[in-house]
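Raw final.txt, compact mmCIF, C-alpha atoms and all ligand atoms:
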# COMPACT_ATOMS: atom_id res chain seq x y z
CA HIS O 969 76.71 -80.06 -35.94
CA PHE O 970 78.57 -77.40 -37.96
CA PHE O 971 75.60 -75.00 -37.69
CA TYR O 972 75.26 -75.72 -33.97
CA ARG O 973 78.96 -74.91 -33.32
CA HIS O 974 78.78 -71.64 -35.27
CA ALA O 975 75.51 -70.60 -33.71
CA ARG O 976 77.14 -70.95 -30.29
CA LEU O 977 80.09 -68.87 -31.48
CA MET O 978 77.78 -66.22 -32.91
CA GLY O 979 75.88 -66.20 -29.63
CA LEU O 980 79.07 -65.63 -27.69
CA VAL O 981 80.20 -62.85 -30.02
CA THR O 982 76.80 -61.15 -29.77
CA LEU O 983 76.88 -61.47 -26.00
CA TRP O 984 80.33 -59.86 -25.87
CA LEU O 985 79.31 -57.05 -28.20
CA GLY O 986 76.31 -56.47 -25.94
CA VAL O 987 78.50 -56.35 -22.84
CA ILE O 988 80.99 -54.00 -24.50
CA PHE O 989 78.17 -51.76 -25.71
CA LEU O 990 76.60 -51.63 -22.22
CA ALA O 991 80.00 -50.86 -20.68
CA GLY O 992 80.41 -48.03 -23.21
CA VAL O 993 76.99 -46.57 -22.43
CA TRP O 994 77.66 -46.86 -18.71
CA GLU O 995 81.02 -45.13 -18.97
CA PHE O 996 79.58 -42.40 -21.20
CA SER O 997 76.73 -41.63 -18.79
CA ALA O 998 79.05 -41.88 -15.77
CA LYS O 999 81.31 -39.28 -17.40
CA GLN O 1000 78.32 -37.01 -18.02
CA LEU O 1001 77.05 -37.35 -14.46
CA ARG O 1002 80.27 -37.49 -12.49
CA PRO O 1003 81.82 -34.09 -11.90
CA CYS O 1004 85.64 -34.27 -11.98
CA HIS O 1005 87.57 -33.88 -8.74
CA PRO O 1006 90.07 -31.07 -8.32
CA ARG O 1007 93.64 -32.39 -8.47
CA MET O 1008 95.61 -31.46 -5.38
CA ASN O 1009 98.98 -33.05 -6.16
CA VAL O 1010 100.82 -30.93 -8.64
CA MET O 1011 104.48 -30.57 -9.54
CA PHE O 1012 105.53 -27.47 -11.49
CA LEU O 1013 108.99 -27.15 -13.01
CA LYS O 1014 109.87 -23.45 -12.70
CA THR O 1015 111.51 -22.26 -15.88
CA HIS O 1016 113.17 -18.84 -16.21
CA LYS O 1017 111.62 -15.71 -17.69
CA MET O 1018 108.59 -17.66 -18.85
CA ALA O 1019 105.88 -16.25 -16.58
CA SER O 1020 106.76 -18.91 -14.06
CA SER O 1021 106.39 -16.45 -11.15
CA THR O 1022 102.81 -15.81 -12.24
CA VAL O 1023 102.21 -19.58 -12.30
CA MET O 1024 103.85 -19.93 -8.88
CA ASN O 1025 101.51 -17.28 -7.51
CA ILE O 1026 98.53 -19.28 -8.81
CA LEU O 1027 99.89 -22.41 -7.10
CA PHE O 1028 100.60 -20.57 -3.84
CA ARG O 1029 97.05 -19.23 -3.69
CA PHE O 1030 95.59 -22.65 -4.46
CA SER O 1031 97.71 -24.25 -1.76
CA GLU O 1032 96.46 -21.72 0.78
CA LYS O 1033 92.84 -22.16 -0.27
CA HIS O 1034 93.04 -25.93 0.30
CA ASN O 1035 95.59 -25.90 3.09
CA LEU O 1036 98.04 -28.01 1.06
CA THR O 1037 101.63 -28.79 1.94
CA LEU O 1038 104.25 -27.17 -0.30
CA ALA O 1039 107.74 -28.42 -1.08
CA LEU O 1040 109.49 -25.27 0.16
CA PRO O 1041 113.22 -24.56 -0.03
CA ALA O 1042 115.02 -25.63 3.15
CA GLY O 1043 116.63 -23.12 5.49
CA GLU O 1044 117.24 -19.59 4.33
CA GLY O 1045 117.11 -20.18 0.57
CA TYR O 1046 114.41 -19.48 -2.00
CA HIS O 1047 115.40 -22.02 -4.65
CA LEU O 1048 115.40 -25.79 -4.69
CA GLY O 1049 119.12 -25.92 -5.44
CA TYR O 1050 119.10 -24.26 -8.89
CA PRO O 1051 121.26 -24.31 -10.97
CA GLN O 1052 122.30 -27.60 -9.36
CA ARG O 1053 120.24 -30.65 -10.11
CA PHE O 1054 117.36 -31.17 -7.75
CA MET O 1055 117.80 -33.33 -4.65
CA ALA O 1056 115.16 -34.09 -2.04
CA HIS O 1057 117.10 -32.55 0.84
CA PHE O 1058 116.75 -29.11 -0.81
CA VAL O 1059 113.14 -29.34 0.39
CA GLU O 1060 112.49 -28.47 4.02
CA GLY O 1061 111.82 -31.64 5.98
CA PHE O 1062 113.46 -34.13 3.56
CA LYS O 1063 116.76 -35.68 4.47
CA THR O 1064 117.12 -38.72 2.15
CA MET O 1065 120.26 -39.11 0.04
CA GLY O 1066 121.65 -40.97 -2.97
CA GLN O 1067 119.27 -41.14 -5.94
CA LYS O 1068 118.65 -39.65 -9.38
CA VAL O 1069 116.67 -36.43 -10.00
CA ARG O 1070 113.53 -38.15 -11.25
CA LEU O 1071 113.49 -40.44 -8.22
CA TRP O 1072 114.11 -37.52 -5.92
CA VAL O 1073 111.03 -35.78 -7.23
CA GLN O 1074 108.98 -38.94 -7.02
CA LYS O 1075 110.15 -39.38 -3.46
CA ILE O 1076 108.61 -36.13 -2.34
CA MET O 1077 105.50 -36.24 -4.54
CA PRO O 1078 102.59 -38.68 -4.17
CA ASN O 1079 101.98 -41.17 -7.00
CA ALA O 1080 98.98 -39.45 -8.53
CA THR O 1081 100.73 -36.17 -9.30
CA ILE O 1082 100.28 -34.01 -12.38
CA TYR O 1083 103.65 -32.78 -13.65
CA PHE O 1084 103.65 -29.61 -15.72
CA THR O 1085 105.79 -26.71 -16.86
CA ILE O 1086 105.76 -23.71 -19.18
CA LEU O 1087 107.85 -22.70 -22.22
CA ARG O 1088 108.18 -19.46 -24.16
CA ASN O 1089 109.03 -18.57 -27.72
CA LEU O 1090 112.71 -17.56 -27.81
CA VAL O 1091 111.95 -14.59 -29.98
CA SER O 1092 109.64 -13.03 -27.40
CA GLN O 1093 111.66 -14.17 -24.41
CA ILE O 1094 115.18 -12.96 -25.14
CA ARG O 1095 114.81 -9.19 -24.95
CA SER O 1096 117.86 -8.24 -22.91
CA LYS O 1097 119.87 -5.15 -23.70
CA ASN O 1098 122.60 -5.92 -26.25
CA VAL O 1099 120.81 -9.00 -27.56
CA ASN O 1100 121.38 -7.92 -31.16
CA GLU O 1101 125.11 -7.29 -30.64
CA PHE O 1102 125.41 -10.68 -28.97
CA LEU O 1103 123.62 -12.56 -31.73
CA ALA O 1104 125.60 -10.78 -34.46
CA SER O 1105 128.70 -12.63 -33.27
CA PRO O 1106 127.86 -14.89 -30.33
CA TRP O 1107 131.21 -16.74 -30.21
CA THR O 1108 132.94 -13.46 -29.40
CA TYR O 1109 131.11 -13.43 -26.08
CA TYR O 1110 130.29 -17.07 -25.41
CA ASN O 1111 132.93 -19.13 -23.65
CA LEU O 1112 132.19 -22.86 -23.62
CA SER O 1113 134.47 -23.44 -20.67
CA GLU O 1114 132.36 -21.21 -18.43
CA ASN O 1115 129.93 -24.06 -18.27
CA ILE O 1116 127.06 -23.41 -15.86
CA TYR O 1117 127.57 -19.63 -15.95
CA ASN O 1118 126.57 -19.68 -19.60
CA ILE O 1119 123.13 -21.14 -19.22
CA TYR O 1120 121.17 -17.98 -19.97
CA ALA O 1121 123.09 -17.41 -23.19
CA MET O 1122 122.36 -20.71 -24.96
CA ASN O 1123 119.51 -23.22 -24.76
CA TYR O 1124 118.44 -22.31 -21.23
CA MET O 1125 115.09 -24.11 -21.55
CA TRP O 1126 117.01 -27.26 -22.36
CA PHE O 1127 119.11 -26.61 -19.26
CA ASP O 1128 116.05 -26.00 -17.08
CA PHE O 1129 114.81 -29.48 -18.03
CA GLY O 1130 118.10 -30.85 -16.71
CA TYR O 1131 119.96 -31.38 -20.00
CA ASP O 1132 123.29 -30.12 -21.33
CA ASN O 1133 122.69 -26.73 -22.97
CA ASN O 1134 125.94 -27.06 -24.91
CA ALA O 1135 125.07 -30.47 -26.36
CA VAL O 1136 125.43 -31.02 -30.10
CA ASP O 1137 122.02 -30.93 -31.75
CA THR O 1138 121.50 -34.20 -33.59
CA GLU O 1139 118.09 -35.57 -34.51
CA ASP O 1140 118.56 -38.76 -32.46
CA TYR O 1141 119.64 -36.87 -29.37
CA PHE O 1142 116.82 -34.35 -29.73
CA GLN O 1143 114.19 -37.08 -30.16
CA SER O 1144 115.48 -39.07 -27.19
CA VAL O 1145 115.23 -36.02 -24.90
CA ILE O 1146 111.75 -35.15 -26.18
CA ALA O 1147 110.65 -38.72 -25.44
CA GLU O 1148 111.98 -38.41 -21.87
CA ILE O 1149 110.28 -35.06 -21.30
CA GLU O 1150 107.00 -36.40 -22.65
CA GLN O 1151 107.22 -39.34 -20.32
CA ALA O 1152 107.92 -37.15 -17.31
CA PHE O 1153 105.41 -34.32 -17.92
CA HIS O 1154 101.68 -34.48 -18.41
CA LEU O 1155 101.35 -30.94 -19.61
CA ILE O 1156 103.56 -28.28 -21.21
CA LEU O 1157 102.07 -24.79 -21.27
CA LEU O 1158 103.09 -21.76 -23.33
CA THR O 1159 103.81 -18.25 -22.02
CA ASP O 1160 102.89 -16.78 -25.39
CA TYR O 1161 99.36 -18.19 -24.98
CA PHE O 1162 99.16 -17.69 -21.27
CA ASP O 1163 95.40 -17.34 -20.97
CA GLU O 1164 94.81 -20.34 -23.19
CA SER O 1165 97.34 -22.18 -21.01
CA MET O 1166 95.47 -21.26 -17.87
CA VAL O 1167 92.22 -22.59 -19.33
CA LEU O 1168 93.96 -25.83 -20.28
CA LEU O 1169 95.50 -26.07 -16.81
CA LYS O 1170 92.14 -25.41 -15.14
CA ASN O 1171 90.49 -28.11 -17.22
CA THR O 1172 93.29 -30.62 -16.71
CA LEU O 1173 93.31 -30.11 -12.96
CA CYS O 1174 89.55 -29.68 -12.66
CA TRP O 1175 90.01 -26.35 -10.87
CA ASP O 1176 87.73 -23.29 -10.82
CA LEU O 1177 88.13 -20.22 -12.98
CA ASP O 1178 89.10 -18.10 -9.96
CA ASP O 1179 91.94 -20.52 -9.21
CA VAL O 1180 93.72 -19.55 -12.42
CA VAL O 1181 92.90 -15.84 -12.52
CA TYR O 1182 96.12 -13.89 -12.08
CA PHE O 1183 97.89 -10.55 -12.33
CA LYS O 1184 100.93 -10.57 -14.56
CA LEU O 1185 104.01 -10.68 -12.33
CA ASN O 1186 107.68 -9.85 -12.92
CA SER O 1187 107.30 -7.94 -16.16
CA ARG O 1188 110.25 -5.80 -17.24
CA SER O 1189 109.89 -2.08 -17.92
CA GLU O 1190 110.09 -0.98 -21.55
CA ASP O 1191 113.45 0.70 -20.96
CA SER O 1192 114.93 -2.60 -19.72
CA ILE O 1193 114.36 -4.42 -22.96
CA GLN O 1194 115.61 -4.45 -26.50
CA GLU O 1195 113.58 -6.19 -29.19
CA MET O 1196 115.39 -8.42 -31.67
CA THR O 1197 116.02 -7.25 -35.21
CA PRO O 1198 114.61 -9.52 -37.97
CA GLU O 1199 118.15 -10.90 -38.50
CA SER O 1200 118.53 -11.71 -34.80
CA LYS O 1201 115.16 -13.47 -34.83
CA GLU O 1202 116.54 -15.83 -37.44
CA LYS O 1203 119.96 -16.18 -35.81
CA VAL O 1204 118.58 -17.07 -32.40
CA LYS O 1205 116.83 -20.10 -33.88
CA GLU O 1206 120.23 -21.41 -34.95
CA TRP O 1207 122.13 -20.31 -31.87
CA CYS O 1208 119.59 -21.97 -29.55
CA SER O 1209 118.53 -24.68 -31.97
CA LEU O 1210 117.69 -27.21 -29.25
CA ASP O 1211 115.41 -24.70 -27.52
CA TRP O 1212 113.85 -23.61 -30.77
CA LYS O 1213 112.99 -27.18 -31.75
CA LEU O 1214 111.82 -27.91 -28.22
CA TYR O 1215 109.45 -24.95 -28.33
CA GLN O 1216 108.14 -25.85 -31.77
CA HIS O 1217 107.48 -29.41 -30.69
CA PHE O 1218 105.55 -28.44 -27.57
CA ASN O 1219 103.71 -25.69 -29.40
CA ARG O 1220 102.30 -28.41 -31.67
CA THR O 1221 101.41 -30.74 -28.77
CA PHE O 1222 99.77 -27.81 -26.91
CA TRP O 1223 97.33 -27.07 -29.72
CA ARG O 1224 96.70 -30.77 -30.32
CA ARG O 1225 95.78 -31.14 -26.65
CA ILE O 1226 93.43 -28.16 -26.86
CA GLU O 1227 91.69 -29.68 -29.87
CA GLU O 1228 91.40 -33.11 -28.24
CA THR O 1229 90.06 -31.80 -24.93
CA ILE O 1230 88.40 -28.37 -24.96
CA GLY O 1231 88.07 -27.43 -28.62
CA LEU O 1232 88.84 -23.99 -30.02
CA GLU O 1233 85.33 -22.59 -29.61
CA LYS O 1234 85.01 -23.42 -25.92
CA LEU O 1235 88.59 -22.28 -25.40
CA ALA O 1236 87.76 -18.82 -26.76
CA GLN O 1237 84.72 -18.59 -24.47
CA GLU O 1238 86.71 -19.58 -21.40
CA VAL O 1239 89.59 -17.24 -22.22
CA ASN O 1240 87.03 -14.47 -22.46
CA LEU O 1241 85.59 -15.32 -19.04
CA LEU O 1242 89.09 -15.41 -17.55
CA ARG O 1243 89.91 -11.96 -18.96
CA MET O 1244 86.65 -10.48 -17.72
CA ARG O 1245 87.27 -11.79 -14.23
CA GLN O 1246 90.84 -10.51 -14.33
CA GLU O 1247 89.65 -7.02 -15.28
CA GLU O 1248 87.06 -7.08 -12.52
CA LEU O 1249 89.73 -7.98 -9.95
CA MET O 1250 92.18 -5.39 -11.26
CA GLU O 1251 89.57 -2.70 -10.79
CA LEU O 1252 88.78 -3.95 -7.32
CA CYS O 1253 92.39 -4.30 -6.13
CA LEU O 1254 94.74 -1.99 -7.98
CA LEU O 1255 95.51 1.68 -7.78
CA ASP O 1256 96.96 1.84 -11.29
CA PRO O 1257 95.61 0.05 -14.35
CA LYS O 1258 99.08 -1.37 -15.19
CA PRO O 1259 102.10 -2.62 -13.24
CA VAL O 1260 104.37 0.21 -12.17
CA ASP O 1261 108.08 0.95 -11.99
CA LYS O 1262 109.86 -0.32 -8.85
CA SER O 1263 110.42 3.28 -7.65
CA ARG O 1264 106.65 3.88 -7.72
CA ILE O 1265 105.74 0.87 -5.54
CA LYS O 1266 104.73 2.49 -2.27
CA ASP O 1267 104.89 -0.55 0.01
CA ARG O 1268 108.46 -1.87 -0.16
CA LYS O 1269 107.19 -5.28 0.88
CA LEU O 1270 105.39 -5.48 -2.44
CA GLN O 1271 108.49 -4.75 -4.47
CA PRO O 1272 109.59 -7.75 -6.56
CA PHE O 1273 113.18 -8.98 -6.43
CA GLN O 1274 115.22 -7.00 -8.97
CA SER O 1275 117.39 -9.41 -10.92
CA GLY O 1276 120.26 -8.03 -12.99
CA ARG O 1277 119.93 -4.52 -14.36
CA ALA O 1278 116.34 -4.88 -15.50
CA ASN O 1279 113.58 -2.91 -13.86
CA ILE O 1280 111.00 -5.44 -12.64
CA LEU O 1281 107.54 -3.95 -12.25
CA GLY O 1282 105.03 -4.40 -9.45
CA TYR O 1283 101.72 -3.17 -8.06
CA ASN O 1284 100.12 -0.73 -5.62
CA LEU O 1285 96.92 -1.79 -3.90
CA ARG O 1286 93.91 0.44 -3.30
CA GLN O 1287 93.49 1.63 0.24
CA ASP O 1288 89.75 1.38 0.70
CA MET O 1289 89.24 -2.37 1.04
CA ASP O 1290 87.70 -4.53 3.74
CA ASN O 1291 89.97 -7.14 5.33
CA ALA O 1292 88.82 -10.11 3.25
CA THR O 1293 89.20 -8.21 -0.03
CA LEU O 1294 92.59 -6.86 1.01
CA ARG O 1295 93.77 -10.39 1.83
CA ALA O 1296 92.62 -11.69 -1.56
CA CYS O 1297 94.17 -8.75 -3.42
CA LEU O 1298 97.43 -9.00 -1.50
CA SER O 1299 97.86 -12.62 -2.45
CA LEU O 1300 97.46 -11.73 -6.13
CA VAL O 1301 100.25 -9.13 -6.08
CA THR O 1302 102.68 -10.51 -3.52
CA PRO O 1303 106.03 -11.18 -5.24
CA GLU O 1304 107.49 -14.65 -5.16
CA LEU O 1305 110.19 -14.25 -2.50
CA GLN O 1306 107.82 -12.57 -0.06
CA TYR O 1307 105.18 -15.24 -0.69
CA VAL O 1308 107.69 -18.07 -0.18
CA SER O 1309 108.84 -16.38 3.00
CA TYR O 1310 105.27 -16.10 4.27
CA LEU O 1311 104.30 -19.67 3.34
CA TYR O 1312 107.46 -21.02 4.98
CA ALA O 1313 106.70 -19.17 8.21
CA HIS O 1314 103.16 -20.54 8.09
CA GLN O 1315 104.14 -24.14 7.26
CA PHE O 1316 107.11 -24.25 9.64
CA PRO O 1317 106.20 -21.94 12.54
CA ASP O 1318 109.02 -23.33 14.72
CA LYS O 1319 111.80 -22.74 12.21
CA LYS O 1320 113.81 -19.58 11.76
CA LYS O 1321 112.00 -17.26 9.30
CA LYS O 1322 113.46 -16.52 5.87
CA ASP O 1323 114.73 -12.97 5.72
CA THR O 1324 112.47 -11.42 3.07
CA ALA O 1325 109.81 -9.44 4.89
CA PHE O 1326 106.26 -10.21 3.79
CA PRO O 1327 103.17 -8.06 4.19
CA LEU O 1328 101.46 -8.86 7.46
CA TRP O 1329 98.13 -10.45 6.91
CA TRP O 1330 95.66 -12.16 9.10
CA ARG O 1331 94.93 -15.86 8.80
N1 LIG E 1401 100.46 -13.75 -17.87
C1 LIG E 1401 101.55 -13.53 -18.56
N2 LIG E 1401 101.52 -13.58 -19.90
C2 LIG E 1401 102.63 -13.34 -20.62
N3 LIG E 1401 103.82 -13.06 -20.07
C3 LIG E 1401 103.88 -13.01 -18.74
C4 LIG E 1401 102.76 -13.26 -17.91
N4 LIG E 1401 103.15 -13.15 -16.62
C5 LIG E 1401 104.46 -12.84 -16.65
N5 LIG E 1401 104.89 -12.76 -17.91
C6 LIG E 1401 106.24 -12.42 -18.38
O1 LIG E 1401 107.14 -13.43 -17.91
C7 LIG E 1401 108.42 -12.85 -17.64
C8 LIG E 1401 108.81 -13.15 -16.22
O2 LIG E 1401 108.98 -14.53 -16.14
P1 LIG E 1401 109.33 -15.30 -14.79
O3 LIG E 1401 108.33 -14.96 -13.77
O4 LIG E 1401 109.46 -16.74 -15.15
O5 LIG E 1401 110.72 -14.66 -14.42
S1 LIG E 1401 111.77 -15.16 -13.38
O6 LIG E 1401 112.68 -16.07 -14.06
O7 LIG E 1401 111.08 -15.83 -12.28
O8 LIG E 1401 112.45 -13.94 -12.95
C9 LIG E 1401 108.26 -11.38 -17.92
O9 LIG E 1401 108.65 -11.17 -19.27
P2 LIG E 1401 109.44 -9.86 -19.73
O10 LIG E 1401 108.54 -8.69 -19.42
O11 LIG E 1401 109.68 -10.07 -21.19
O12 LIG E 1401 110.70 -9.85 -18.92
C10 LIG E 1401 106.77 -11.15 -17.77
O13 LIG E 1401 106.31 -10.02 -18.47

What is this file in structure tokens?
Amino acid sequence: HFFYRHARLMGLVTLWLGVIFLAGVWEFSAKQLRPCHPRMNVMFLKTHKMASSTVMNILFRFSEKHNLTLALPAGEGYHLGYPQRFMAHFVEGFKTMGQKVRLWVQKIMPNATIYFTILRNLVSQIRSKNVNEFLASPWTYYNLSENIYNIYAMNYMWFDFGYDNNAVDTEDYFQSVIAEIEQAFHLILLTDYFDESMVLLKNTLCWDLDDVVYFKLNSRSEDSIQEMTPESKEKVKEWCSLDWKLYQHFNRTFWRRIEETIGLEKLAQEVNLLRMRQEELMELCLLDPKPVDKSRIKDRKLQPFQSGRANILGYNLRQDMDNATLRACLSLVTPELQYVSYLYAHQFPDKKKKDTAFPLWWR
């Protein structure tokens, strides 16, 4: 009787192991055979001075290629309420009221949406004139009571995620925010490894290489920047300690994700392909091998918005292109405001146009 009972148990266990094994084999072969499907629902949190305009350009081109609907700023504006917290009625066509930011975003995005953003190392990002003087004695210049007008001077990445940039940095607080960000975002990319980020994005979203090929947008001219001294590089990590820890954390998760998904060897190959394609397109489209000073941009409609005193560079296109090539090249160099203006006019033909003129192109 004892043997009989155990034999039955053993039989059951063996049967289960068999079923689990078969399910594993089936899933493995299904993964090998089934090509992934490009993700069409994407939410990008635009962060400042972190190559976010280049990412936006990638998203704009993808949305045109697949005729997708964009959440565009309502009325005459170009921002979704920044620096206020996001609300759904900042998006053209949404009128609902009375909920929290996360719910607002969920209200306008479908359930199966990939949420992502991009961060940059403080040391490479903060290159404004007078940065060293500022960091030598920041409290001389920084006034806590100025509140929202201070956001670029302390922990602005923290602010862009919707948190208090003046908050006291304690381990518990830091960890609780990180946990919230990790819950809300599927992917955090890095400006400092932009090409690697584009490969990771392409693989996560199952897009093509050409979807993430780009020209670098919104770069500052050399005479608009001041590099940090070695002392400032150390001081900024203290002054913006929340941002510094945030960046370090997501730098680690970025490389972990690469290792778990693509692997370093394949990453290097794909980055290489991306750069080759980028060079090919630059030769095809551009008059100059590098972005040029705003005064040298011949077509004013291709001049990027000039924020502050910095000189923001742009591009001149070659003249000798057929219509289809010109259209493709234009979309790669069109600055953000002009592109938003164009997409808005296209998506809402009956509404009043935004006032930034965009290059005329044929649809
Ligand atoms: N592909 C790529 N790789 C590395 N860095 C890049 C890339 N594209 C843009 N950039 C740099 O990003 C800075 C502009 O960022 P944003 O577009 O976010 O600026 S803005 O806030 O929208 O004005 C700006 O940095 P600075 O030149 O230091 O100002 C750009 O040079």

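Candidate residues O:Leu1235, O:Val1301, O:Ala1039, O:Ala1056 were compared for distance to ligand LIG 1401 (chain E), and the nearest is O:Val1301, using all atoms listed in the file.
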
Of the listed residues O:Tyr1307, O:Phe1326, O:Tyr1161, O:Tyr1109, that which approaches Ser1031 (chain O) most closely, counting only C-alpha atoms: O:Tyr1307

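Using only C-alpha atoms, the residues found no farther than 12 Å from Leu1294 (chain O), other than those of its own chain fewer than 3 positions away, are Leu1249, Leu1252, Cys1253, Leu1254, Asn1284, Leu1285, Arg1286, Gln1287, Asp1288, Met1289, Asp1290, Asn1291, Cys1297, Leu1298, Ser1299, Leu1300, Val1301, Thr1302, Pro1327, Leu1328, Trp1329 and Trp1330 of chain O.
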
Å distance separating CA of Lys1321 (chain O) from CA of Gln1306 (chain O), one decimal place: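 It comes out at 11.3 Å.
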
Sorted by chain and rising residue number, list the residues of region 1020-1084 of chain O at most 9 Å from region 1180-1193 of chain O (counting only C-alpha atoms), each with its closest atom pair and distance in Å to one decimal, as a Markdown table.
| residue | atom | partner | partner_atom | distance |
| --- | --- | --- | --- | --- |
| O:Ser1020 | CA | O:Leu1185 | CA | 8.8 |
| O:Ser1021 | CA | O:Leu1185 | CA | 6.4 |
| O:Thr1022 | CA | O:Leu1185 | CA | 5.3 |
| O:Val1023 | CA | O:Tyr1182 | CA | 8.3 |
| O:Asn1025 | CA | O:Tyr1182 | CA | 7.8 |
| O:Ile1026 | CA | O:Val1180 | CA | 6.0 |
| O:Leu1027 | CA | O:Val1180 | CA | 8.6 |
| O:Phe1030 | CA | O:Val1180 | CA | 8.7 |

Contact residues around region 1163-1178 of chain O with only C-alpha atoms at 10 Å, ignoring same-chain residues under 4 positions, as a PDB file with C-alpha atoms, in the coordinates of the input:
ATOM      1  CA  PRO O1003      81.820 -34.090 -11.900  1.00  0.00           C
ATOM      2  CA  CYS O1004      85.640 -34.270 -11.980  1.00  0.00           C
ATOM      3  CA  HIS O1005      87.570 -33.880  -8.740  1.00  0.00           C
ATOM      4  CA  PRO O1006      90.070 -31.070  -8.320  1.00  0.00           C
ATOM      5  CA  ARG O1007      93.640 -32.390  -8.470  1.00  0.00           C
ATOM      6  CA  MET O1008      95.610 -31.460  -5.380  1.00  0.00           C
ATOM      7  CA  ASN O1009      98.980 -33.050  -6.160  1.00  0.00           C
ATOM      8  CA  VAL O1010     100.820 -30.930  -8.640  1.00  0.00           C
ATOM      9  CA  VAL O1023     102.210 -19.580 -12.300  1.00  0.00           C
ATOM     10  CA  ILE O1026      98.530 -19.280  -8.810  1.00  0.00           C
ATOM     11  CA  PHE O1030      95.590 -22.650  -4.460  1.00  0.00           C
ATOM     12  CA  ILE O1082     100.280 -34.010 -12.380  1.00  0.00           C
ATOM     13  CA  PHE O1084     103.650 -29.610 -15.720  1.00  0.00           C
ATOM     14  CA  ILE O1086     105.760 -23.710 -19.180  1.00  0.00           C
ATOM     15  CA  HIS O1154     101.680 -34.480 -18.410  1.00  0.00           C
ATOM     16  CA  LEU O1155     101.350 -30.940 -19.610  1.00  0.00           C
ATOM     17  CA  ILE O1156     103.560 -28.280 -21.210  1.00  0.00           C
ATOM     18  CA  LEU O1157     102.070 -24.790 -21.270  1.00  0.00           C
ATOM     19  CA  LEU O1158     103.090 -21.760 -23.330  1.00  0.00           C
ATOM     20  CA  THR O1159     103.810 -18.250 -22.020  1.00  0.00           C
ATOM     21  CA  TYR O1182      96.120 -13.890 -12.080  1.00  0.00           C
ATOM     22  CA  PHE O1222      99.770 -27.810 -26.910  1.00  0.00           C
ATOM     23  CA  TRP O1223      97.330 -27.070 -29.720  1.00  0.00           C
ATOM     24  CA  ARG O1225      95.780 -31.140 -26.650  1.00  0.00           C
ATOM     25  CA  ILE O1226      93.430 -28.160 -26.860  1.00  0.00           C
ATOM     26  CA  THR O1229      90.060 -31.800 -24.930  1.00  0.00           C
ATOM     27  CA  ILE O1230      88.400 -28.370 -24.960  1.00  0.00           C
ATOM     28  CA  LEU O1232      88.840 -23.990 -30.020  1.00  0.00           C
ATOM     29  CA  LYS O1234      85.010 -23.420 -25.920  1.00  0.00           C
ATOM     30  CA  LEU O1235      88.590 -22.280 -25.400  1.00  0.00           C
ATOM     31  CA  ALA O1236      87.760 -18.820 -26.760  1.00  0.00           C
ATOM     32  CA  GLN O1237      84.720 -18.590 -24.470  1.00  0.00           C
ATOM     33  CA  GLU O1238      86.710 -19.580 -21.400  1.00  0.00           C
ATOM     34  CA  VAL O1239      89.590 -17.240 -22.220  1.00  0.00           C
ATOM     35  CA  ASN O1240      87.030 -14.470 -22.460  1.00  0.00           C
ATOM     36  CA  LEU O1241      85.590 -15.320 -19.040  1.00  0.00           C
ATOM     37  CA  LEU O1242      89.090 -15.410 -17.550  1.00  0.00           C
ATOM     38  CA  ARG O1243      89.910 -11.960 -18.960  1.00  0.00           C
ATOM     39  CA  ARG O1245      87.270 -11.790 -14.230  1.00  0.00           C
ATOM     40  CA  GLN O1246      90.840 -10.510 -14.330  1.00  0.00           C
TER      41      GLN O1246
END

Separation of CA of Leu1048 (chain O) from CA of Glu1150 (chain O), in Å and rounded to one decimal: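 Between these atoms lies a distance of 22.5 Å.
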
Around (102.3, -30.1, -0.3) in the file's own coordinates, what residues are found within 12 Å if you use only C-alpha atoms, given back as a compact mmCIF listing (two decimals) with C-alpha atoms, in the frame of the given file?
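result-v2.txt written:
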# COMPACT_ATOMS: atom_id res chain seq x y z
CA MET O 1008 95.61 -31.46 -5.38
CA ASN O 1009 98.98 -33.05 -6.16
CA VAL O 1010 100.82 -30.93 -8.64
CA MET O 1011 104.48 -30.57 -9.54
CA PHE O 1012 105.53 -27.47 -11.49
CA LEU O 1027 99.89 -22.41 -7.10
CA PHE O 1028 100.60 -20.57 -3.84
CA PHE O 1030 95.59 -22.65 -4.46
CA SER O 1031 97.71 -24.25 -1.76
CA GLU O 1032 96.46 -21.72 0.78
CA HIS O 1034 93.04 -25.93 0.30
CA ASN O 1035 95.59 -25.90 3.09
CA LEU O 1036 98.04 -28.01 1.06
CA THR O 1037 101.63 -28.79 1.94
CA LEU O 1038 104.25 -27.17 -0.30
CA ALA O 1039 107.74 -28.42 -1.08
CA LEU O 1040 109.49 -25.27 0.16
CA VAL O 1059 113.14 -29.34 0.39
CA GLU O 1060 112.49 -28.47 4.02
CA GLY O 1061 111.82 -31.64 5.98
CA ILE O 1076 108.61 -36.13 -2.34
CA MET O 1077 105.50 -36.24 -4.54
CA PRO O 1078 102.59 -38.68 -4.17
CA THR O 1081 100.73 -36.17 -9.30
CA LEU O 1311 104.30 -19.67 3.34
CA TYR O 1312 107.46 -21.02 4.98
CA GLN O 1315 104.14 -24.14 7.26

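Considering all atoms listed in the file, the residue among O:Phe1054, O:Leu1305, O:Ala1296, O:Lys1258 positioned nearest to Leu1270 (chain O) is O:Leu1305.
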
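Residue nearest Lys1213 (chain O) within the list O:Met1125, O:Ala1042, O:Ile1280, O:Ile1094: O:Met1125 [criterion: smallest interatomic distance, all atoms listed in the file].
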